[in-house]
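Content type CSV, C-alpha atoms, from the file input.csv:
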```csv
chain,number,residue,atom,x,y,z
A,27,ARG,CA,-9.8,-1.0,57.1
A,28,PRO,CA,-13.0,-2.4,58.7
A,29,ILE,CA,-13.6,-6.1,59.3
A,30,ASN,CA,-15.8,-7.3,56.5
A,31,ARG,CA,-18.3,-10.1,56.7
A,32,THR,CA,-19.2,-9.6,53.1
A,33,VAL,CA,-16.9,-11.6,50.8
A,34,PRO,CA,-16.2,-11.3,47.1
A,35,HIS,CA,-18.6,-13.6,45.3
A,36,LEU,CA,-20.0,-14.3,41.9
A,37,TRP,CA,-23.3,-15.8,40.8
A,38,HIS,CA,-23.4,-17.4,37.3
A,39,TYR,CA,-26.6,-16.6,35.4
A,40,ASP,CA,-26.5,-19.9,33.4
A,41,GLU,CA,-26.7,-21.7,36.8
A,42,LEU,CA,-29.4,-19.5,38.3
A,43,ARG,CA,-31.8,-19.3,35.3
A,44,PRO,CA,-33.0,-22.9,35.4
A,45,LEU,CA,-33.7,-22.5,39.1
A,46,LEU,CA,-35.7,-19.4,38.4
A,47,LEU,CA,-37.7,-21.0,35.6
A,48,GLN,CA,-38.4,-24.0,37.9
A,49,ALA,CA,-39.8,-21.5,40.5
A,50,GLY,CA,-42.1,-20.2,37.8
A,51,GLU,CA,-43.4,-23.7,37.2
A,52,LEU,CA,-43.9,-24.5,40.9
A,53,THR,CA,-45.2,-21.2,42.1
A,54,PRO,CA,-48.1,-19.4,40.3
A,55,MET,CA,-48.1,-15.6,40.5
A,56,GLU,CA,-51.4,-15.5,42.4
A,57,LYS,CA,-49.7,-17.3,45.2
A,58,ALA,CA,-46.4,-15.5,45.2
A,59,GLU,CA,-47.2,-11.9,44.1
A,60,ARG,CA,-43.5,-11.6,43.4
A,61,ARG,CA,-41.2,-14.4,42.3
A,62,VAL,CA,-37.6,-13.6,43.2
A,63,LEU,CA,-34.5,-15.7,43.6
A,64,MET,CA,-32.5,-13.9,46.3
A,65,LEU,CA,-28.7,-13.8,46.0
A,66,ALA,CA,-27.2,-14.4,49.4
A,67,ASN,CA,-23.6,-13.6,50.1
A,68,PRO,CA,-22.0,-16.6,51.8
A,69,GLY,CA,-20.2,-14.3,54.3
A,70,LEU,CA,-23.5,-12.9,55.8
A,71,GLU,CA,-24.5,-15.9,57.8
A,72,GLY,CA,-27.7,-16.8,55.9
A,73,ALA,CA,-29.0,-13.2,55.5
A,74,PRO,CA,-30.6,-12.9,52.0
A,75,PHE,CA,-28.4,-9.9,51.1
A,76,ALA,CA,-25.6,-9.5,48.5
A,77,THR,CA,-23.6,-7.0,50.7
A,78,ALA,CA,-24.4,-5.5,54.0
A,79,THR,CA,-26.3,-2.7,52.2
A,80,ILE,CA,-27.4,-4.2,48.8
A,81,PHE,CA,-30.1,-6.7,48.1
A,82,PHE,CA,-29.9,-8.5,44.7
A,83,GLY,CA,-32.6,-10.7,43.5
A,84,LEU,CA,-33.5,-12.2,40.1
A,85,GLN,CA,-37.2,-11.7,39.4
A,86,LEU,CA,-39.3,-13.6,36.9
A,87,VAL,CA,-42.6,-12.8,35.2
A,88,LEU,CA,-43.9,-15.3,32.7
A,89,PRO,CA,-45.9,-14.5,29.4
A,90,GLY,CA,-49.4,-13.3,30.2
A,91,GLU,CA,-48.6,-12.8,33.9
A,92,SER,CA,-49.0,-9.6,36.0
A,93,ALA,CA,-47.2,-8.9,39.3
A,94,PRO,CA,-49.9,-6.9,41.1
A,95,SER,CA,-49.6,-3.3,42.3
A,96,HIS,CA,-48.0,-2.6,45.6
A,97,LYS,CA,-45.7,-0.1,47.2
A,98,HIS,CA,-43.0,-0.3,49.9
A,99,SER,CA,-40.6,1.7,52.0
A,100,VAL,CA,-37.7,0.0,50.4
A,101,GLY,CA,-36.3,1.7,47.2
A,102,ALA,CA,-35.8,-0.6,44.2
A,103,VAL,CA,-34.2,-0.5,40.8
A,104,ARG,CA,-34.7,-3.0,38.0
A,105,MET,CA,-31.9,-3.9,35.6
A,106,ILE,CA,-33.3,-5.9,32.7
A,107,ILE,CA,-31.6,-9.1,31.7
A,108,GLU,CA,-33.8,-11.0,29.4
A,109,GLY,CA,-37.2,-10.8,27.5
A,110,GLU,CA,-39.3,-8.6,25.3
A,111,GLY,CA,-42.7,-7.2,25.8
A,112,GLY,CA,-42.4,-6.5,29.5
A,113,VAL,CA,-43.7,-3.3,31.1
A,114,THR,CA,-43.2,-1.9,34.6
A,115,THR,CA,-45.7,0.7,35.6
A,116,VAL,CA,-44.5,3.2,38.2
A,117,GLY,CA,-46.9,5.7,39.6
A,118,GLY,CA,-49.1,5.3,36.4
A,119,GLU,CA,-46.2,5.7,34.0
A,120,CYS,CA,-45.6,2.6,31.7
A,121,CYS,CA,-41.9,1.9,31.3
A,122,PRO,CA,-41.0,-0.6,28.6
A,123,MET,CA,-38.4,-3.2,29.7
A,124,GLU,CA,-35.6,-3.9,27.3
A,125,LYS,CA,-32.3,-5.7,28.0
A,126,GLY,CA,-29.9,-3.4,29.9
A,127,ASP,CA,-32.5,-0.8,30.8
A,128,LEU,CA,-32.5,0.6,34.3
A,129,ILE,CA,-35.9,1.4,35.8
A,130,LEU,CA,-36.5,3.2,39.1
A,131,THR,CA,-39.3,2.2,41.6
A,132,PRO,CA,-38.5,4.6,44.4
A,133,ALA,CA,-39.8,4.1,48.0
A,134,GLY,CA,-43.5,4.8,48.4
A,135,TYR,CA,-44.3,4.6,44.6
A,136,TRP,CA,-47.0,2.2,43.5
A,137,HIS,CA,-45.7,-0.2,40.8
A,138,GLU,CA,-46.7,-3.4,39.0
A,139,HIS,CA,-45.1,-5.6,36.3
A,140,ASP,CA,-46.6,-7.2,33.2
A,141,ASP,CA,-45.3,-9.5,30.5
A,142,TYR,CA,-47.1,-9.1,27.2
A,143,GLY,CA,-44.4,-10.9,25.3
A,144,GLN,CA,-43.9,-14.5,24.2
A,145,GLY,CA,-41.1,-15.5,26.6
A,146,PRO,CA,-40.1,-14.9,30.2
A,147,MET,CA,-39.1,-11.5,31.5
A,148,ILE,CA,-36.1,-11.6,33.9
A,149,TRP,CA,-34.4,-8.8,35.6
A,150,LEU,CA,-32.0,-8.1,38.5
A,151,ASP,CA,-33.6,-6.2,41.4
A,152,ALA,CA,-31.3,-4.0,43.4
A,153,LEU,CA,-32.9,-2.9,46.7
A,154,ASP,CA,-31.7,-0.9,49.7
A,155,ALA,CA,-33.5,-3.5,51.9
A,156,PRO,CA,-30.6,-4.3,54.2
A,157,VAL,CA,-30.5,-0.7,55.3
A,158,VAL,CA,-34.3,-0.2,55.7
A,159,CYS,CA,-34.7,-3.5,57.4
A,160,SER,CA,-31.9,-2.8,59.9
A,161,ILE,CA,-33.8,0.2,61.2
A,162,GLU,CA,-37.1,-1.7,61.3
A,163,ALA,CA,-38.7,0.6,58.7
A,164,SER,CA,-39.5,-2.0,56.0
A,165,TYR,CA,-43.2,-2.5,55.1
A,166,CYS,CA,-45.2,-3.3,51.9
A,167,THR,CA,-48.8,-2.2,51.0
A,168,GLU,CA,-50.9,-4.0,48.4
A,169,GLY,CA,-53.1,-1.9,46.1
A,170,PRO,CA,-55.6,-2.1,43.2
A,171,PRO,CA,-54.4,-2.1,39.6
A,172,LEU,CA,-52.8,1.2,38.6
A,173,ALA,CA,-54.5,3.8,36.5
A,174,ARG,CA,-52.2,4.2,33.6
A,175,SER,CA,-51.2,7.5,32.0
A,176,ASP,CA,-52.0,7.9,28.3
A,177,ARG,CA,-48.4,9.1,27.9
A,178,PRO,CA,-46.2,5.9,28.2
A,179,ASP,CA,-42.5,6.4,29.1
A,180,ALA,CA,-43.3,10.1,29.6
A,181,SER,CA,-40.2,10.9,31.8
A,182,GLN,CA,-37.9,9.4,29.1
A,183,THR,CA,-39.5,11.6,26.5
A,184,ARG,CA,-39.2,14.8,28.7
A,185,TYR,CA,-35.5,14.2,29.5
A,186,ARG,CA,-34.2,12.8,26.3
A,187,ARG,CA,-31.0,14.9,26.1
A,188,SER,CA,-28.5,15.6,28.8
A,189,GLY,CA,-28.2,19.3,29.6
A,190,LEU,CA,-31.8,20.0,28.6
A,191,ALA,CA,-34.9,20.0,30.9
A,192,PRO,CA,-38.5,21.0,30.4
A,193,TYR,CA,-38.7,24.8,30.9
A,194,ASP,CA,-41.2,24.6,33.7
A,195,THR,CA,-38.6,23.0,35.9
A,196,LEU,CA,-37.0,26.4,36.4
A,197,ALA,CA,-40.1,27.7,38.1
A,198,ARG,CA,-41.3,24.7,40.1
A,199,GLY,CA,-37.9,23.4,41.3
A,200,PRO,CA,-36.5,19.9,41.0
A,201,LYS,CA,-38.4,16.7,41.5
A,202,HIS,CA,-37.0,13.8,43.5
A,203,TYR,CA,-37.4,11.3,40.6
A,204,PRO,CA,-38.1,13.1,37.3
A,205,LEU,CA,-36.6,10.3,35.2
A,206,LEU,CA,-37.8,6.7,35.8
A,207,ARG,CA,-36.3,4.7,32.9
A,208,PHE,CA,-32.7,4.9,31.5
A,209,PRO,CA,-32.7,3.0,28.2
A,210,TRP,CA,-29.6,0.9,27.7
A,211,SER,CA,-29.4,1.8,24.0
A,212,ASP,CA,-28.8,5.5,25.0
A,213,VAL,CA,-26.4,4.5,27.8
A,214,ARG,CA,-24.3,2.3,25.6
A,215,ALA,CA,-24.1,5.0,22.9
A,216,ALA,CA,-23.0,7.6,25.5
A,217,LEU,CA,-20.3,5.3,26.8
A,218,GLN,CA,-18.9,4.7,23.4
A,219,ASP,CA,-18.8,8.5,22.8
A,220,LEU,CA,-17.2,9.1,26.1
A,221,ALA,CA,-14.5,6.5,25.3
A,222,ALA,CA,-13.3,8.6,22.4
A,223,ASP,CA,-12.5,11.4,24.9
A,224,THR,CA,-11.1,9.2,27.7
A,225,ALA,CA,-7.4,8.2,28.0
A,226,LEU,CA,-6.5,4.5,28.2
A,227,HIS,CA,-6.7,3.0,31.7
A,228,GLU,CA,-9.0,5.9,32.8
A,229,PRO,CA,-12.5,4.6,33.5
A,230,VAL,CA,-15.2,5.0,30.8
A,231,GLN,CA,-18.0,5.3,33.3
A,232,LEU,CA,-21.3,7.2,33.5
A,233,ALA,CA,-23.4,7.8,36.5
A,234,TYR,CA,-27.2,7.4,36.5
A,235,VAL,CA,-28.3,10.8,37.9
A,236,ASN,CA,-31.4,12.9,38.5
A,237,PRO,CA,-31.4,15.1,35.3
A,238,GLU,CA,-32.7,18.1,37.2
A,239,THR,CA,-30.1,18.1,40.0
A,240,GLY,CA,-27.2,16.1,38.6
A,241,ARG,CA,-27.1,14.1,41.8
A,242,GLU,CA,-27.5,10.3,42.3
A,243,CYS,CA,-30.8,8.9,40.9
A,244,MET,CA,-31.6,7.2,44.3
A,245,PRO,CA,-30.8,8.3,47.9
A,246,ILE,CA,-29.2,5.2,49.3
A,247,LEU,CA,-27.7,3.2,46.4
A,248,GLY,CA,-25.7,4.6,43.5
A,249,PHE,CA,-25.8,3.3,39.9
A,250,SER,CA,-23.3,3.7,37.1
A,251,ALA,CA,-22.5,2.1,33.7
A,252,LEU,CA,-18.9,1.0,33.0
A,253,MET,CA,-17.3,0.1,29.7
A,254,LEU,CA,-14.1,-1.9,29.3
A,255,ARG,CA,-12.4,-1.4,26.0
A,256,PRO,CA,-11.0,-4.5,24.2
A,257,GLY,CA,-8.2,-6.0,26.2
A,258,GLU,CA,-8.4,-3.2,28.8
A,259,GLU,CA,-7.4,-3.6,32.4
A,260,LEU,CA,-8.8,-1.1,34.8
A,261,ARG,CA,-7.8,-0.4,38.4
A,262,PRO,CA,-10.4,2.0,39.9
A,263,ARG,CA,-9.6,3.9,43.0
A,264,ARG,CA,-10.2,2.0,46.2
A,265,ARG,CA,-13.4,3.3,47.9
A,266,SER,CA,-15.1,2.9,51.2
A,267,ALA,CA,-18.3,1.8,49.4
A,268,SER,CA,-19.4,-1.8,48.8
A,269,HIS,CA,-20.0,-2.7,45.2
A,270,GLY,CA,-22.2,-5.0,43.1
A,271,TYR,CA,-22.1,-5.6,39.3
A,272,LEU,CA,-24.3,-6.9,36.6
A,273,VAL,CA,-22.5,-7.9,33.4
A,274,VAL,CA,-24.7,-6.5,30.5
A,275,ALA,CA,-22.4,-7.7,27.8
A,276,GLY,CA,-18.9,-9.2,27.3
A,277,ARG,CA,-16.7,-11.5,29.3
A,278,GLY,CA,-13.7,-11.0,31.6
A,279,GLU,CA,-12.6,-11.2,35.2
A,280,THR,CA,-12.4,-9.0,38.2
A,281,GLU,CA,-9.9,-9.4,41.0
A,282,VAL,CA,-11.3,-8.4,44.4
A,283,ASP,CA,-8.8,-8.3,47.3
A,284,GLY,CA,-6.8,-11.0,45.5
A,285,LYS,CA,-9.7,-13.2,44.6
A,286,THR,CA,-10.4,-13.6,40.9
A,287,LEU,CA,-14.0,-13.7,39.7
A,288,VAL,CA,-14.4,-14.8,36.1
A,289,TRP,CA,-17.6,-13.4,34.6
A,290,GLU,CA,-19.6,-13.4,31.4
A,291,GLU,CA,-22.9,-11.9,30.1
A,292,ASN,CA,-25.7,-11.6,32.8
A,293,ASP,CA,-23.5,-12.8,35.7
A,294,VAL,CA,-23.6,-10.9,39.0
A,295,PHE,CA,-20.8,-10.3,41.5
A,296,VAL,CA,-20.0,-8.2,44.5
A,297,ALA,CA,-17.1,-6.7,46.4
A,298,PRO,CA,-17.0,-5.6,50.1
A,299,THR,CA,-16.3,-2.1,51.4
A,300,HIS,CA,-12.7,-0.8,51.1
A,301,ALA,CA,-11.9,-3.6,48.6
A,302,THR,CA,-9.0,-3.3,46.0
A,303,ILE,CA,-10.7,-4.0,42.7
A,304,ARG,CA,-9.1,-4.7,39.3
A,305,HIS,CA,-11.3,-5.3,36.1
A,306,ARG,CA,-10.0,-7.0,33.0
A,307,ASN,CA,-11.8,-7.4,29.6
A,308,GLY,CA,-11.4,-11.0,28.5
A,309,SER,CA,-11.7,-10.1,24.8
A,310,SER,CA,-9.1,-8.4,22.6
A,311,LYS,CA,-11.8,-7.5,20.1
A,312,GLU,CA,-15.1,-6.8,21.9
A,313,ARG,CA,-16.1,-4.2,24.5
A,314,ALA,CA,-17.5,-5.3,27.9
A,315,PHE,CA,-20.2,-3.5,29.7
A,316,LEU,CA,-21.2,-3.6,33.4
A,317,ILE,CA,-23.7,-1.8,35.6
A,318,GLN,CA,-22.2,-1.0,39.0
A,319,VAL,CA,-24.3,-0.6,42.1
A,320,ASP,CA,-22.7,0.9,45.3
A,321,ASP,CA,-23.7,2.4,48.6
A,322,ALA,CA,-21.7,5.6,48.2
A,323,PRO,CA,-24.7,7.9,48.4
A,324,LEU,CA,-25.6,6.5,51.8
A,325,GLN,CA,-22.0,6.8,53.0
A,326,LYS,CA,-21.8,10.4,51.8
A,327,LYS,CA,-24.9,11.3,53.7
A,328,LEU,CA,-23.5,9.7,56.8
A,329,GLY,CA,-20.2,11.6,56.4
A,330,PHE,CA,-17.7,8.8,56.1
A,331,TYR,CA,-17.3,8.1,52.4
A,332,GLN,CA,-13.7,8.0,51.3
A,333,GLU,CA,-11.6,7.3,48.2
A,334,PHE,CA,-8.0,6.1,48.5
A,335,THR,CA,-4.9,6.3,46.3
A,336,ASP,CA,-2.8,3.5,47.9
A,337,GLY,CA,-1.6,1.8,44.8
A,338,ALA,CA,-5.2,1.2,43.4
A,339,GLY,CA,-5.5,3.8,40.7
A,340,SER,CA,-4.5,7.4,40.5
```

Would it be possible to restate this file's structure as structure tokens?
Amino acid sequence: RPINRTVPHLWHYDELRPLLLQAGELTPMEKAERRVLMLANPGLEGAPFATATIFFGLQLVLPGESAPSHKHSVGAVRMIIEGEGGVTTVGGECCPMEKGDLILTPAGYWHEHDDYGQGPMIWLDALDAPVVCSIEASYCTEGPPLARSDRPDASQTRYRRSGLAPYDTLARGPKHYPLLRFPWSDVRAALQDLAADTALHEPVQLAYVNPETGRECMPILGFSALMLRPGEELRPRRRSASHGYLVVAGRGETEVDGKTLVWEENDVFVAPTHATIRHRNGSSKERAFLIQVDDAPLQKKLGFYQEFTDGAGS
């Protein structure tokens, strides 16, 4: 096993939210462009990264505000935590932002954020910034407001059912990012359906994938949704990847290499590479739902991804 600087760590949302709102009061959008509270792993010696490959940050847009258009070489994914009436526009496609939704803003895509609601919009950013920065390839370009398509949320409309794709994809070949928004309402329903066909203590887990290729939805970081049934304890296989989690709903605890992290809704936590992980749902009546982020796609491309069976799952 490698020597890890990344340590298991948990950030409580109820402690971070007041700080984020205070940042909103102190820093107007016209000065900041983006207002993000970066989650820094205490083992990484002050670097603003959650693991050696994953950046996590809580981003805030207040009612009536707009985070202006820009693009960058870093790939980003938004996981919505709080708010109604928010929109992320990616390459001209308007994507509604609802709790639990996952929205892609791939590298090189122009994007902007708007809050048309009555309260703050808050989401967790997951970026591959540690990787891109380490090879000195990170940059950002500002741009004018995006011209918006008259077909909002078009990619979600075109790929509404798994196993079905627009017919013209057979002729033109797959796109890199055909689906930009994954609504949580659909993901949650699919997890509940999968649970009915999954044995106890086997993971009820769905990967966010490119609907035309079946491969990971982003090239460096992988994303999946995990459901813990009431009272369930899950011991996933130990993997060479590092992991981060957003708790979408529920409460429980996760043991990472013997350290217990007690979590509830909207909390964020991480585990280093090669960690032994054990999840427990803290309720005997309610399901718990988490979104998992990992660097398995990068490790697979580099040729050293592994899964292990040494007492941590079958």

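Nearest to Ser268 (chain A) of all the residues A:Asp154, A:Asp320, A:Asp293, A:Glu238 is A:Asp320, based on all atoms listed in the file.
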
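For the choices A:Val33, A:Pro171, A:Leu220, A:Pro89, the atom-to-atom distance to Gly143 (chain A) is smallest for A:Pro89 when using all atoms listed in the file.
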
Considering all atoms listed in the file, return as a VMD selection string whatever protein or nucleic-acid residues lie within 9 Å of region 55-60 of chain A, sequence-local ones (same chain, fewer than 6 positions apart) excluded.
chain A and resid 85 to 88 91 to 94

Smallest atom-to-atom distance to His227 (chain A): which of A:Arg261, A:Lys285, A:His96, A:Arg277, using only C-alpha atoms?
A:Arg261

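Of the residues under consideration (A:Asn67, A:Asn292, A:Asn307, A:Gln332), A:Asn292 shows the shortest atom-to-atom contact distance to Leu84 (chain A) when counting all atoms listed in the file.
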
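Look at region 125-132 of chain A: the protein and nucleic acid residues within 6 Å of it, using all atoms listed in the file and passing over chain neighbours fewer than 2 places away, are Gly101, Ala102, Val103, Arg104, Met105, Ile106, Ile107, Glu108, Tyr135, Leu206, Arg207, Phe208, Pro209 and Trp210 of chain A.
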
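For the choices A:Phe295, A:Tyr165, A:Tyr185, A:Phe315, the atom-to-atom distance to Val213 (chain A) is smallest for A:Phe315 when using only C-alpha atoms.
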
Quick one: region 78-103 of chain A with N, CA and C atoms, as a CSV table (one decimal), keeping the file's coordinate frame?
```csv
chain,number,residue,atom,x,y,z
A,78,ALA,N,-23.8,-5.9,52.8
A,78,ALA,CA,-24.4,-5.5,54.0
A,78,ALA,C,-25.4,-4.4,53.7
A,79,THR,N,-25.4,-3.8,52.5
A,79,THR,CA,-26.3,-2.7,52.2
A,79,THR,C,-27.1,-2.9,50.9
A,80,ILE,N,-26.8,-3.9,50.1
A,80,ILE,CA,-27.4,-4.2,48.8
A,80,ILE,C,-28.1,-5.5,48.8
A,81,PHE,N,-29.3,-5.5,48.4
A,81,PHE,CA,-30.1,-6.7,48.1
A,81,PHE,C,-30.1,-6.9,46.6
A,82,PHE,N,-29.7,-8.1,46.1
A,82,PHE,CA,-29.9,-8.5,44.7
A,82,PHE,C,-30.8,-9.7,44.7
A,83,GLY,N,-31.7,-9.6,43.7
A,83,GLY,CA,-32.6,-10.7,43.5
A,83,GLY,C,-33.0,-10.8,42.0
A,84,LEU,N,-33.1,-12.0,41.5
A,84,LEU,CA,-33.5,-12.2,40.1
A,84,LEU,C,-35.0,-12.4,40.1
A,85,GLN,N,-35.8,-11.6,39.4
A,85,GLN,CA,-37.2,-11.7,39.4
A,85,GLN,C,-37.7,-12.2,38.0
A,86,LEU,N,-38.8,-13.0,38.1
A,86,LEU,CA,-39.3,-13.6,36.9
A,86,LEU,C,-40.8,-13.3,36.8
A,87,VAL,N,-41.2,-12.9,35.6
A,87,VAL,CA,-42.6,-12.8,35.2
A,87,VAL,C,-42.8,-13.5,33.9
A,88,LEU,N,-43.7,-14.5,33.8
A,88,LEU,CA,-43.9,-15.3,32.7
A,88,LEU,C,-44.9,-14.7,31.7
A,89,PRO,N,-44.9,-15.1,30.4
A,89,PRO,CA,-45.9,-14.5,29.4
A,89,PRO,C,-47.3,-14.5,29.9
A,90,GLY,N,-48.0,-13.4,29.8
A,90,GLY,CA,-49.4,-13.3,30.2
A,90,GLY,C,-49.6,-13.0,31.7
A,91,GLU,N,-48.5,-13.0,32.5
A,91,GLU,CA,-48.6,-12.8,33.9
A,91,GLU,C,-48.5,-11.3,34.3
A,92,SER,N,-49.1,-11.0,35.4
A,92,SER,CA,-49.0,-9.6,36.0
A,92,SER,C,-48.6,-9.7,37.5
A,93,ALA,N,-47.6,-9.1,37.9
A,93,ALA,CA,-47.2,-8.9,39.3
A,93,ALA,C,-48.0,-7.7,39.8
A,94,PRO,N,-49.0,-7.9,40.7
A,94,PRO,CA,-49.9,-6.9,41.1
A,94,PRO,C,-49.3,-5.7,41.8
A,95,SER,N,-50.1,-4.6,41.8
A,95,SER,CA,-49.6,-3.3,42.3
A,95,SER,C,-49.4,-3.4,43.8
A,96,HIS,N,-48.2,-2.8,44.2
A,96,HIS,CA,-48.0,-2.6,45.6
A,96,HIS,C,-46.9,-1.5,45.7
A,97,LYS,N,-46.7,-1.0,47.0
A,97,LYS,CA,-45.7,-0.1,47.2
A,97,LYS,C,-45.0,-0.5,48.5
A,98,HIS,N,-43.8,0.0,48.7
A,98,HIS,CA,-43.0,-0.3,49.9
A,98,HIS,C,-42.0,0.8,50.3
A,99,SER,N,-41.6,0.7,51.5
A,99,SER,CA,-40.6,1.7,52.0
A,99,SER,C,-39.2,1.4,51.5
A,100,VAL,N,-39.0,0.3,50.9
A,100,VAL,CA,-37.7,0.0,50.4
A,100,VAL,C,-37.6,0.6,48.9
A,101,GLY,N,-36.5,1.2,48.6
A,101,GLY,CA,-36.3,1.7,47.2
A,101,GLY,C,-35.7,0.5,46.4
A,102,ALA,N,-36.2,0.5,45.1
A,102,ALA,CA,-35.8,-0.6,44.2
A,102,ALA,C,-35.5,-0.1,42.9
A,103,VAL,N,-34.5,-0.8,42.2
A,103,VAL,CA,-34.2,-0.5,40.8
A,103,VAL,C,-34.1,-1.8,40.1
```
